[in-house]
Amino acid sequence: MTILISGKHLDVGESLHNHIEIRMGEIINKYLGRIVNVSIVVAKEAHGSYRTDINGNTGTSTGVVIKSSADSGDVYASFDLAADKIETQLRRYKRRLTNHHKHQENAEPESALTAKKYVIKDHEEEHDAPLVIAEKATAIETLTVSAAVMKMDLAELPALMFFNSANGRLNVVYKRADGNISWVDPEGSNKAA
């Protein structure tokens with residue numbers, strides 16, 4: 001496992017570096033053990049607070065991605081809040097993640113459809129069509145609804161598109177403004193073979 005720790009507009013001292021390594025090592029070993037890469041960026045914001053962003057993955061294209069971020073007036077508190085979020089997410093999904101890894105080692109890989117995702121600039125008055133500012137390859141995986149919700153939650157995504165493994169249809173789960181999760185399962189959208 002590689003833990004990359006960096007600072008933005010601040011020097012991450014030895015004490016903070018050690019604190020981060022020990023805490024992340026404990027969390028990962030307790031809940032996953034399979035994380036290959038964790039990146040932690042601690043940034044000093046313009047208004048004097050600190051922001052910590054944590055990103056980690058199992059190193060496979062269909063593996064687990066974890067993300068978290070937090071802000072605080074204290075650099076240690078900022079990291080601890082972000083780490084607490086990750087620990088809560090992993091605790092919630094520990095049983096399913098463990099079973100998923102055992103299933104993944106013994107089974108054929110799930111099918112996925114390659115796609116492109118675009119980042120579009122907010123609509124401006126002078127443009128009739130939205131302006132694409134980024135393009136990235138992605139995959140639309142075949143998942144159960146609960147696996148899709150877990151994947152969306154761990155990666156802190158606002159929405160996730162997937163093929164429902166129960167019926168083969170293209171589905172979407174997304175976080176609502178009230179904190180609940182909506183699931184869209186349109187009829188007649190079966191996956192092309």
# chains A, B, ... in the order shown; residues from 1 in each chain; ligands from 1
>>> residues_around(residues="segment 84-99 of chain A", least_positions_apart="4", cutoff="10 Å", atoms="only C-alpha atoms", output="tab-separated table (two decimals) with C-alpha atoms, in the first residue's frame")
chain	number	residue	atom	x	y	z
A	23	ARG	CA	-4.43	6.64	11.17
A	24	MET	CA	-4.90	5.75	7.47
A	26	GLU	CA	-5.22	1.50	10.83
A	27	ILE	CA	-8.41	2.30	8.91
A	28	ILE	CA	-7.37	0.51	5.73
A	30	LYS	CA	-9.13	-2.84	9.64
A	31	TYR	CA	-11.70	-2.52	6.86
A	32	LEU	CA	-10.12	-3.31	3.50
A	33	GLY	CA	-6.51	-4.35	3.42
A	34	ARG	CA	-6.61	-4.23	-0.39
A	54	ILE	CA	-8.49	11.75	0.75
A	55	ASN	CA	-8.67	9.53	-2.36
A	56	GLY	CA	-7.94	5.81	-2.45
A	63	GLY	CA	-12.52	-1.95	-7.77
A	64	VAL	CA	-13.45	0.13	-4.78
A	66	ILE	CA	-12.95	5.83	-1.53
A	67	LYS	CA	-13.13	9.61	-1.30
A	68	SER	CA	-13.58	12.05	1.50
A	69	SER	CA	-12.92	15.68	2.29
A	70	ALA	CA	-13.31	17.96	5.29
A	79	PHE	CA	-7.63	15.35	8.51
A	80	ASP	CA	-9.40	13.57	11.39
A	103	HIS	CA	-16.49	-13.23	-5.07
A	104	GLN	CA	-14.26	-11.16	-7.35
A	146	SER	CA	-27.11	-2.04	-3.44
A	147	ALA	CA	-23.60	-2.32	-4.96
A	150	MET	CA	-22.32	1.51	-2.04
A	151	LYS	CA	-20.00	2.50	-4.90
A	153	ASP	CA	-21.38	6.52	-1.42
A	154	LEU	CA	-17.74	5.39	-1.08
A	155	ALA	CA	-16.62	7.54	-4.01
A	156	GLU	CA	-18.75	10.51	-2.83
>>> select_by_dssp(residues="chain A", states="strand (DSSP E or B)", output="count of residues only")
70
>>> closest_residue(among="A:Val172, A:Leu143, A:Ile133, A:Ala46", to="Pro186 of chain A", atoms="only C-alpha atoms")
A:Val172
>>> atom_distance(atom1="atom CA of Leu131 of chain A", atom2="atom CA of Arg176 of chain A")
26.0 Å
>>> closest_residue(among="A:Leu10, A:Thr144, A:Leu157, A:Met1", to="Val38 of chain A", atoms="only C-alpha atoms")
A:Met1
>>> closest_residue(among="A:Val65, A:Gly73, A:Val42, A:Asp185", to="Gly13 of chain A", atoms="only C-alpha atoms")
A:Val42
>>> atom_distance(atom1="atom CA of Gly7 of chain A", atom2="atom CA of Ala134 of chain A")
25.5 Å
>>> atom_distance(atom1="atom CA of Leu81 of chain A", atom2="atom CA of Ile5 of chain A")
16.2 Å
>>> residues_around(residues="Phe163 of chain A", least_positions_apart="5", cutoff="7 Å", atoms="only C-alpha atoms", output="JSON, numbers by chain")
{"A": [140, 141, 142, 143, 168, 169, 170, 171]}
>>> closest_residue(among="A:Gly25, A:Met161, A:Asp74, A:Pro130", to="Lys117 of chain A", atoms="only C-alpha atoms")
A:Met161
>>> closest_residue(among="A:His9, A:Ala139, A:Glu21, A:Ser78", to="Glu45 of chain A", atoms="only C-alpha atoms")
A:His9
